[in-house]
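K.L.:
mmCIF, C-alpha atoms and all ligand atoms, file coords_33.cif:
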```cif
data_entry
loop_
_atom_site.label_atom_id
_atom_site.label_comp_id
_atom_site.auth_asym_id
_atom_site.auth_seq_id
_atom_site.Cartn_x
_atom_site.Cartn_y
_atom_site.Cartn_z
CA MET G 1274 66.77 13.95 6.50
CA ASN G 1275 63.26 12.85 7.58
CA ASN G 1276 64.06 13.48 11.22
CA ARG G 1277 65.60 16.91 10.58
CA THR G 1278 64.34 20.41 9.94
CA PHE G 1279 65.88 23.81 9.31
CA THR G 1280 65.19 27.05 11.18
CA MET G 1281 66.20 30.70 11.22
CA ILE G 1282 65.69 33.10 14.10
CA LYS G 1283 64.83 36.17 12.04
CA PRO G 1284 66.24 39.74 12.38
CA ASP G 1285 63.28 41.01 14.45
CA ALA G 1286 63.63 38.35 17.15
CA PHE G 1287 67.43 38.59 17.06
CA SER G 1288 67.46 42.39 17.50
CA LYS G 1289 64.94 42.23 20.36
CA GLY G 1290 67.23 39.84 22.25
CA TYR G 1291 64.93 36.79 22.01
CA SER G 1292 67.49 34.39 20.48
CA GLY G 1293 68.47 32.71 23.75
CA LEU G 1294 64.87 32.32 24.91
CA ILE G 1295 63.85 30.86 21.54
CA LEU G 1296 66.78 28.42 21.39
CA ASP G 1297 65.93 27.30 24.93
CA ARG G 1298 62.30 26.60 23.95
CA ILE G 1299 63.50 24.61 20.93
CA ILE G 1300 65.83 22.48 23.08
CA GLN G 1301 63.21 22.04 25.83
CA ALA G 1302 60.80 20.77 23.15
CA GLY G 1303 63.21 17.91 22.42
CA PHE G 1304 65.08 19.16 19.36
CA LYS G 1305 68.82 18.49 19.14
CA ILE G 1306 70.98 21.16 17.47
CA ILE G 1307 72.99 19.50 14.67
CA ALA G 1308 74.40 22.75 13.26
CA VAL G 1309 74.08 26.43 14.21
CA LYS G 1310 75.52 29.76 13.06
CA MET G 1311 74.98 33.48 13.47
CA THR G 1312 75.16 35.21 10.10
CA ARG G 1313 73.65 37.98 8.00
CA LEU G 1314 72.02 37.42 4.61
CA SER G 1315 72.87 39.79 1.78
CA PRO G 1316 69.81 40.95 -0.21
CA GLU G 1317 70.95 38.59 -3.00
CA LYS G 1318 71.17 35.58 -0.66
CA ALA G 1319 67.83 36.41 1.00
CA GLY G 1320 66.24 36.64 -2.45
CA GLU G 1321 67.73 33.28 -3.39
CA PHE G 1322 66.56 31.60 -0.17
CA TYR G 1323 62.98 32.84 -0.69
CA ALA G 1324 63.00 32.53 -4.52
CA VAL G 1325 59.86 30.36 -4.38
CA HIS G 1326 57.96 33.51 -3.27
CA ARG G 1327 59.38 35.80 -5.97
CA GLU G 1328 56.00 36.34 -7.64
CA ARG G 1329 54.26 37.25 -4.38
CA GLY G 1330 53.46 40.86 -3.52
CA PHE G 1331 55.42 40.66 -0.26
CA TYR G 1332 58.64 39.31 -1.84
CA GLN G 1333 60.65 42.57 -1.82
CA GLU G 1334 59.49 43.36 1.72
CA LEU G 1335 60.54 39.85 2.78
CA VAL G 1336 63.98 40.18 1.15
CA ASP G 1337 64.55 43.64 2.69
CA PHE G 1338 63.54 42.41 6.12
CA MET G 1339 65.55 39.17 6.04
CA SER G 1340 68.70 41.05 5.03
CA SER G 1341 68.16 43.87 7.56
CA GLY G 1342 70.22 42.34 10.38
CA PRO G 1343 71.81 39.21 11.83
CA ILE G 1344 69.99 35.90 12.02
CA ILE G 1345 70.67 32.53 13.65
CA ALA G 1346 70.39 29.55 11.30
CA ALA G 1347 70.23 25.97 12.60
CA ILE G 1348 69.59 22.37 11.64
CA LEU G 1349 67.47 20.54 14.21
CA GLU G 1350 66.90 16.82 14.79
CA LYS G 1351 63.93 15.06 16.35
CA SER G 1352 61.48 12.38 15.25
CA ASN G 1353 58.80 13.97 13.04
CA ALA G 1354 60.97 17.12 13.02
CA VAL G 1355 59.28 19.17 10.27
CA ALA G 1356 55.71 18.82 11.55
CA ASP G 1357 56.60 19.01 15.25
CA PHE G 1358 58.67 22.14 14.70
CA ARG G 1359 55.86 23.86 12.81
CA THR G 1360 53.56 23.07 15.72
CA LEU G 1361 56.13 24.56 18.13
CA ILE G 1362 56.49 27.82 16.16
CA GLY G 1363 52.78 28.32 15.36
CA ALA G 1364 50.97 29.89 12.39
CA THR G 1365 52.82 32.21 9.97
CA ASP G 1366 50.61 35.07 11.14
CA PRO G 1367 51.21 35.48 14.91
CA ALA G 1368 47.65 36.81 15.32
CA LYS G 1369 46.46 33.32 14.30
CA ALA G 1370 49.12 31.39 16.24
CA THR G 1371 48.17 29.12 19.16
CA GLU G 1372 48.93 30.35 22.70
CA GLY G 1373 52.39 29.31 23.88
CA THR G 1374 53.88 28.97 20.39
CA ILE G 1375 57.09 30.82 19.56
CA ARG G 1376 55.40 33.17 17.10
CA LYS G 1377 52.56 33.91 19.53
CA LEU G 1378 55.14 34.79 22.17
CA TYR G 1379 57.76 36.63 20.13
CA ALA G 1380 56.42 37.70 16.70
CA ALA G 1381 54.85 41.06 15.85
CA SER G 1382 53.34 40.53 12.39
CA VAL G 1383 53.10 38.14 9.44
CA GLY G 1384 56.13 39.84 7.87
CA GLU G 1385 58.27 40.11 11.01
CA ASN G 1386 57.36 36.72 12.44
CA ALA G 1387 60.42 35.88 14.53
CA ILE G 1388 61.26 32.45 13.16
CA HIS G 1389 61.27 30.24 10.07
CA GLY G 1390 60.64 26.51 9.92
CA SER G 1391 60.89 24.27 6.84
CA ASP G 1392 57.54 23.16 5.41
CA SER G 1393 58.64 19.72 4.10
CA ASN G 1394 61.47 17.19 4.37
CA GLU G 1395 62.56 18.15 0.86
CA ASN G 1396 62.81 21.85 1.73
CA ALA G 1397 64.52 21.05 5.06
CA LYS G 1398 67.34 19.45 3.07
CA ILE G 1399 67.50 22.27 0.47
CA GLU G 1400 67.51 24.96 3.19
CA SER G 1401 70.05 23.14 5.37
CA ASP G 1402 72.38 22.75 2.38
CA PHE G 1403 71.95 26.48 1.60
CA PHE G 1404 73.61 27.40 4.93
CA PHE G 1405 75.74 24.48 6.10
CA SER G 1406 78.54 22.33 4.70
CA VAL G 1407 78.92 18.73 5.87
CA LEU G 1408 81.86 19.78 8.10
CA GLU G 1409 79.62 22.26 10.00
CA ARG G 1410 77.19 19.52 11.14
CA TYR G 1411 77.76 17.66 14.42
P1 LIG A 1501 58.45 31.95 6.52
O1 LIG A 1501 57.91 30.77 7.23
O2 LIG A 1501 59.85 32.32 6.75
O3 LIG A 1501 58.23 31.73 4.94
C1 LIG A 1501 57.86 32.75 4.04
C2 LIG A 1501 57.73 34.07 4.71
O4 LIG A 1501 57.06 35.06 3.96
C3 LIG A 1501 56.87 33.91 5.94
O5 LIG A 1501 57.55 33.20 6.93
C4 LIG A 1501 56.54 35.36 6.27
O6 LIG A 1501 57.54 35.96 7.06
C5 LIG A 1501 56.54 35.98 4.89
N1 LIG A 1501 55.18 36.32 4.53
C6 LIG A 1501 54.16 35.48 4.29
N2 LIG A 1501 53.04 36.18 4.01
C7 LIG A 1501 53.38 37.49 4.07
C8 LIG A 1501 52.66 38.70 3.88
N3 LIG A 1501 51.37 38.67 3.56
N4 LIG A 1501 53.32 39.85 4.04
C9 LIG A 1501 54.65 39.86 4.36
N5 LIG A 1501 55.38 38.73 4.55
C10 LIG A 1501 54.74 37.56 4.41
#
```
Write out the structure in this file as structure tokens.
Ligand code: CMP

P.N.:
Amino acid sequence: MNNRTFTMIKPDAFSKGYSGLILDRIIQAGFKIIAVKMTRLSPEKAGEFYAVHRERGFYQELVDFMSSGPIIAAILEKSNAVADFRTLIGATDPAKATEGTIRKLYAASVGENAIHGSDSNENAKIESDFFFSVLERY
């Protein structure tokens, strides 16, 4: 999995119609889509996905937001995928994100920040397995 990462286009970016533009930027940056699906997380599933943050003050807000509408989940492949993808999306807080990054372009706030990217190879595998069976990967 060292050349793969996991992403979600979050409900804010999806509802604003940015999904196509964001997927295009990801592909133009050299990532290959191994798996992709449009889905909607239940509050329970969103809570499970972000369980590592359950003690944080923003956890309930995060769960409510991530279950508020459809998302696009994907597994992406590229050399150095995790680090390169985090560079492409920019800082968690769009106000701190570098010009030209996906969050700088499409995110409104630290909570509604348009896109998720795995923070390690280990979490890329856990998060990919959360959404995709082997048969859904190409
Ligand atoms: P993400 O990369 O998906 O991983 C955890 C998410 O928690 C993060 O993006 C943000 O959307 C969210 N998050 C982090 N800090 C805050 C905060 N201070 N307030 C609300 N949401 C936050």

K.L.:
Ranking G:Met1339, G:Leu1296, G:Ala1308, G:Ala1346 by minimum distance to ligand LIG 1501 (chain A) and counting all atoms listed in the file, which one comes first?

P.N.:
G:Met1339

K.L.:
Please measure the separation of CA of Glu1321 (chain G) and CA of Glu1400 (chain G), giving the value in Å to one decimal.

P.N.:
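CA of Glu1400 (chain G) lies 10.6 Å from CA of Glu1321 (chain G).
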
K.L.:
Assuming 5 Å of padding per side, give the centre and edge lengths of the axis-aligned box around every listed atom of ligand LIG 1501 (chain A), in Å to one decimal and as JSON.

P.N.:
```
{"center_x": 55.6, "center_y": 35.3, "center_z": 5.4, "size_x": 18.5, "size_y": 19.1, "size_z": 13.7}
```

K.L.:
Taking only C-alpha atoms into account, which of G:Ile1306, G:Val1336, G:Ile1345, G:Val1355 comes nearest Ile1388 (chain G)?

P.N.:
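Nearest candidate to Ile1388 (chain G) out of G:Ile1306, G:Val1336, G:Ile1345, G:Val1355: G:Ile1345.
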
K.L.:
Quick one: residues within 6 Å of ligand LIG 1501 (chain A), with only C-alpha atoms and all ligand atoms, as an NGL selection string?

P.N.:
:G and (1331 or 1335 or 1365 or 1383-1386 or 1389-1390)

K.L.:
Mind pulling up the distance from CA of Gly1290 (chain G) to CA of Gln1333 (chain G)?

P.N.:
25.1 Å

K.L.:
Between CA of Ala1302 (chain G) and CA of Asn1394 (chain G), measure the distance and give it in Å to one decimal.

P.N.:
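Interatomic distance, CA of Ala1302 (chain G) to CA of Asn1394 (chain G): 19.1 Å.
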
K.L.:
Could you tell me which of G:Arg1327, G:Asp1366, G:Lys1310, G:Ser1391 comes closest to Tyr1379 (chain G) if we count all atoms listed in the file?

P.N.:
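Nearest to Tyr1379 (chain G): G:Asp1366.
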
K.L.:
Can you build me a table of region 1311-1410 of chain G residues sitting at most 10 Å from region 1275-1280 of chain G, with the closest atom pair per residue and its distance in Å to one decimal, using all atoms listed in the file, sorted by chain and residue number, as a tab-separated table?

P.N.:
```
residue	atom	partner	partner_atom	distance
G:Ile1345	CA	G:Thr1280	CA	8.1
G:Ala1346	CA	G:Thr1280	CA	5.8
G:Ala1347	CA	G:Thr1280	CA	5.3
G:Ile1348	CA	G:Phe1279	CA	4.6
G:Leu1349	CA	G:Thr1278	CA	5.3
G:Glu1350	CA	G:Arg1277	CA	4.4
G:Lys1351	CA	G:Asn1276	CA	5.4
G:Ser1352	CA	G:Asn1276	CA	4.9
G:Asn1353	CA	G:Asn1276	CA	5.6
G:Ala1354	CA	G:Asn1276	CA	5.1
G:Val1355	CA	G:Thr1278	CA	5.2
G:Ala1356	CA	G:Thr1278	CA	8.9
G:Asp1357	CA	G:Thr1278	CA	9.5
G:Phe1358	CA	G:Thr1278	CA	7.6
G:Arg1359	CA	G:Thr1278	CA	9.6
G:Ile1388	CA	G:Thr1280	CA	7.0
G:His1389	CA	G:Thr1280	CA	5.2
G:Gly1390	CA	G:Thr1280	CA	4.8
G:Ser1391	CA	G:Phe1279	CA	5.6
G:Asp1392	CA	G:Thr1278	CA	8.6
G:Ser1393	CA	G:Thr1278	CA	8.2
G:Asn1394	CA	G:Asn1275	CA	5.7
G:Glu1395	CA	G:Asn1275	CA	8.6
G:Asn1396	CA	G:Phe1279	CA	8.4
G:Ala1397	CA	G:Thr1278	CA	4.9
G:Lys1398	CA	G:Thr1278	CA	7.6
G:Ile1399	CA	G:Phe1279	CA	9.1
G:Glu1400	CA	G:Phe1279	CA	6.4
G:Ser1401	CA	G:Phe1279	CA	5.8
G:Asp1402	CA	G:Phe1279	CA	9.6
G:Phe1404	CA	G:Phe1279	CA	9.6
```

K.L.:
List the spatial neighbours of Lys1369 (chain G) as a ChimeraX atom specification - criterion: any atom at most 12 Å away, only C-alpha atoms, same-chain residues fewer than 6 positions off excluded.

P.N.:
/G:1362-1363,1376-1378,1380-1383,1386

K.L.:
Using only C-alpha atoms, which of the listed residues (G:Glu1372, G:Asp1297, G:Asp1337, G:Glu1409) sits closest to Ala1319 (chain G)?

P.N.:
G:Asp1337

K.L.:
Got a sec: who's within 7 Å of Phe1287 (chain G), counting only C-alpha atoms, leaving out chain neighbours fewer than 4 positions off, as JSON, numbers by chain?

P.N.:
{"G": [1282, 1283, 1291, 1292, 1343, 1344]}

K.L.:
List the neighbours of Gly1342 (chain G) out to 7 Å using only C-alpha atoms; skip same-chain residues closer than 2 positions along the sequence, and give me the result as a list in words.

P.N.:
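Those residues are Pro1284, Arg1313, Ser1340 and Ile1344 of chain G.
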
K.L.:
Can I get region 1279-1308 of chain G with N, CA and C atoms filled in, as a CSV table (one decimal), keeping the file's coordinate frame?

P.N.:
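Saved file result_16.csv follows:
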```
chain,number,residue,atom,x,y,z
G,1279,PHE,N,65.0,22.6,9.3
G,1279,PHE,CA,65.9,23.8,9.3
G,1279,PHE,C,65.1,25.0,9.9
G,1280,THR,N,65.8,25.8,10.6
G,1280,THR,CA,65.2,27.0,11.2
G,1280,THR,C,66.1,28.3,11.1
G,1281,MET,N,65.5,29.4,11.0
G,1281,MET,CA,66.2,30.7,11.2
G,1281,MET,C,65.5,31.5,12.3
G,1282,ILE,N,66.2,32.0,13.2
G,1282,ILE,CA,65.7,33.1,14.1
G,1282,ILE,C,65.9,34.4,13.3
G,1283,LYS,N,64.8,35.1,13.0
G,1283,LYS,CA,64.8,36.2,12.0
G,1283,LYS,C,65.3,37.5,12.7
G,1284,PRO,N,65.6,38.5,11.9
G,1284,PRO,CA,66.2,39.7,12.4
G,1284,PRO,C,65.4,40.4,13.5
G,1285,ASP,N,64.1,40.3,13.4
G,1285,ASP,CA,63.3,41.0,14.4
G,1285,ASP,C,63.5,40.4,15.8
G,1286,ALA,N,63.4,39.0,15.9
G,1286,ALA,CA,63.6,38.4,17.2
G,1286,ALA,C,65.1,38.5,17.6
G,1287,PHE,N,66.0,38.4,16.7
G,1287,PHE,CA,67.4,38.6,17.1
G,1287,PHE,C,67.7,40.0,17.7
G,1288,SER,N,67.2,41.0,17.0
G,1288,SER,CA,67.5,42.4,17.5
G,1288,SER,C,66.8,42.7,18.8
G,1289,LYS,N,65.6,42.0,19.1
G,1289,LYS,CA,64.9,42.2,20.4
G,1289,LYS,C,65.5,41.4,21.5
G,1290,GLY,N,66.6,40.6,21.2
G,1290,GLY,CA,67.2,39.8,22.2
G,1290,GLY,C,66.5,38.6,22.6
G,1291,TYR,N,65.7,38.0,21.7
G,1291,TYR,CA,64.9,36.8,22.0
G,1291,TYR,C,65.7,35.5,21.6
G,1292,SER,N,66.8,35.6,21.0
G,1292,SER,CA,67.5,34.4,20.5
G,1292,SER,C,67.7,33.3,21.5
G,1293,GLY,N,68.2,33.7,22.7
G,1293,GLY,CA,68.5,32.7,23.8
G,1293,GLY,C,67.2,32.1,24.2
G,1294,LEU,N,66.2,32.9,24.4
G,1294,LEU,CA,64.9,32.3,24.9
G,1294,LEU,C,64.3,31.4,23.9
G,1295,ILE,N,64.4,31.7,22.6
G,1295,ILE,CA,63.8,30.9,21.5
G,1295,ILE,C,64.6,29.6,21.4
G,1296,LEU,N,66.0,29.7,21.5
G,1296,LEU,CA,66.8,28.4,21.4
G,1296,LEU,C,66.5,27.5,22.6
G,1297,ASP,N,66.3,28.1,23.7
G,1297,ASP,CA,65.9,27.3,24.9
G,1297,ASP,C,64.6,26.6,24.7
G,1298,ARG,N,63.6,27.3,24.2
G,1298,ARG,CA,62.3,26.6,24.0
G,1298,ARG,C,62.4,25.4,23.0
G,1299,ILE,N,63.3,25.6,21.9
G,1299,ILE,CA,63.5,24.6,20.9
G,1299,ILE,C,64.1,23.4,21.6
G,1300,ILE,N,65.1,23.6,22.4
G,1300,ILE,CA,65.8,22.5,23.1
G,1300,ILE,C,64.9,21.8,24.1
G,1301,GLN,N,64.2,22.6,24.8
G,1301,GLN,CA,63.2,22.0,25.8
G,1301,GLN,C,62.1,21.2,25.1
G,1302,ALA,N,61.8,21.5,23.9
G,1302,ALA,CA,60.8,20.8,23.2
G,1302,ALA,C,61.4,19.5,22.6
G,1303,GLY,N,62.6,19.2,22.8
G,1303,GLY,CA,63.2,17.9,22.4
G,1303,GLY,C,64.0,17.9,21.1
G,1304,PHE,N,64.3,19.1,20.6
G,1304,PHE,CA,65.1,19.2,19.4
G,1304,PHE,C,66.6,19.2,19.7
G,1305,LYS,N,67.4,18.5,19.0
G,1305,LYS,CA,68.8,18.5,19.1
G,1305,LYS,C,69.4,19.4,18.1
G,1306,ILE,N,70.3,20.3,18.4
G,1306,ILE,CA,71.0,21.2,17.5
G,1306,ILE,C,72.1,20.4,16.8
G,1307,ILE,N,72.0,20.2,15.5
G,1307,ILE,CA,73.0,19.5,14.7
G,1307,ILE,C,74.0,20.5,14.1
G,1308,ALA,N,73.5,21.7,13.8
G,1308,ALA,CA,74.4,22.8,13.3
G,1308,ALA,C,73.8,24.1,13.6
```
